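Asker: Have a look at this one.
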Amino acid sequence: MNQVIAITVLFVMIAVKGWAQPAVTAQAYAEVIEALTAEETNQLNFGRFSPETGGGRIVLSSEGVRTAQGSVILAGGFSQPGSFTITGAPGATFTIQLPQGSAWLLHQSGNKTLEVLEWTSNPPAGSGTGVLTGGQEIVTVGATLLVGSPEDIPAGIYTGTFTLTFAYN
């Protein structure tokens with residue numbers, strides 16, 4: 001008789017457990033934020049210089065400090081880091097990706113080039129380094145300009161482009 005009672009209790013426990021199917025209504029959440037935008041506000045400008053006898057390098061920091069190496073002589077005139085206004089969701093963080101390689105500045109006659117490399121930025125490149133305080137942040141970009149000898153680079157204006165990538169984290 002004890003076996004019959006135990007089997008009955010077990011059967012009732014299994015049946016009750018099978019009938020208990022609780023349901024819950026849950027909520028989902030999503031927030032759409034404004035798109036991240038970037039606008040160039042100042043062009044990267046290495047300024048005026050002379051290669052003198054052998055050329056060298058011009059280093060322009062993202063803070064605007066310009067120095068010459070080799071035989072390069074810096075002349076008067078205006079130089080500045082590139083400046084970009086990044087706009088998006090207030091308080092959001094973003095990533096700065098600088099060019100992976102060199103950019104080339106082409107002489108106005110189209111036959112000679114200068115190489116731009118060793119990119120820097122403020123805030124520094126990387127993931128989460130920029131914060132959109134009040135929904136906006138200024139990013140400045142510097143680089144190094146390789147300067148050849150006077151025979152390699154004639155006097156004149158050199159221009160070119162480069163690509164930066166900004167993304168929300």
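So you can find residues: chains in the structure tokens are A, B, ... in the order shown, residues in each start at 1, and ligands are numbered from 1 in order.
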Apply DSSP to the structure's backbone, then extract all residues of stretch 18-114 of chain A labelled strand (DSSP E or B) and return them as a PyMOL selection string.

Answerer: chain A and resi 37-42+45+49-50+56-60+66-70+73-74+80+82-87+93-97+103-107+113-114

Asker: Find the nearest atom pair between each residue of stretch 48-110 of chain A and stretch 135-159 of chain A for residues within 7 Å, count only C-alpha atoms, give distances in Å to one decimal, sort rows by chain and ascending number, and present the table as a tab-separated table.

Answerer:
residue	atom	partner	partner_atom	distance
A:Pro51	CA	A:Ser149	CA	5.9
A:Glu52	CA	A:Pro150	CA	6.6
A:Thr53	CA	A:Ser149	CA	6.2
A:Gly54	CA	A:Ser149	CA	4.5
A:Gly55	CA	A:Ser149	CA	4.6
A:Gly56	CA	A:Val147	CA	5.0
A:Arg57	CA	A:Leu146	CA	4.7
A:Ile58	CA	A:Leu145	CA	5.1
A:Val59	CA	A:Thr144	CA	4.4
A:Leu60	CA	A:Gly142	CA	5.3
A:Ser61	CA	A:Gly142	CA	4.6
A:Ser62	CA	A:Gly142	CA	4.1
A:Pro81	CA	A:Gly142	CA	5.1
A:Gly82	CA	A:Val141	CA	4.9
A:Ser83	CA	A:Thr140	CA	4.4
A:Phe84	CA	A:Val139	CA	5.1
A:Thr85	CA	A:Ile138	CA	4.7
A:Ile86	CA	A:Glu137	CA	5.2
A:Thr87	CA	A:Gln136	CA	4.5
A:Gly88	CA	A:Gly135	CA	5.2
A:Ala89	CA	A:Gly135	CA	5.1
A:Pro90	CA	A:Gly135	CA	3.6
A:Gly91	CA	A:Gly135	CA	6.4
A:Leu105	CA	A:Thr159	CA	4.6
A:Leu106	CA	A:Tyr158	CA	5.0
A:His107	CA	A:Tyr158	CA	4.3
A:Gln108	CA	A:Ile157	CA	5.7

Asker: Looking at only C-alpha atoms, which of A:Pro22, A:Gly76, A:Gly70, A:Pro123 is the one that sits closest to A:Phe46?

Answerer: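 Closest to A:Phe46 of all the choices is A:Gly76.
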
Asker: Between A:Trp104, A:Phe162, A:Tyr168, A:Phe49, which has the minimum distance to A:Leu74 (counting only C-alpha atoms)?

Answerer: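 Closest to A:Leu74 of all the choices is A:Phe49.
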
Asker: For A:Leu98, please output as a ChimeraX atom specification all residues within 8 Å (counting only C-alpha atoms; exclusion window: fewer than 3 positions along the same chain).

Answerer: /A:119-121,125,163-165

Asker: For the atom pair atom CA of A:Thr133 and atom CA of A:Gly64, what is the interatomic distance in Å to one decimal place?

Answerer: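 Computed distance, atom CA of A:Thr133 to atom CA of A:Gly64, equals 22.4 Å.
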
Asker: Between atom CA of A:Thr93 and atom CA of A:Gly128, what is the distance in Å, rounded to a tenth?

Answerer: 5.1 Å

Asker: Could you check how far atom CA of A:Leu44 sits from atom CA of A:Leu132, in Å to one decimal?

Answerer: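 Distance between the two atoms: 22.3 Å.
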
Asker: I'd like to know which of A:Gln43, A:Gln80, A:Thr95, A:Gln27 is closest to A:Gly160, using only C-alpha atoms.

Answerer: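 Among the listed residues, A:Gln43 lies closest to A:Gly160.
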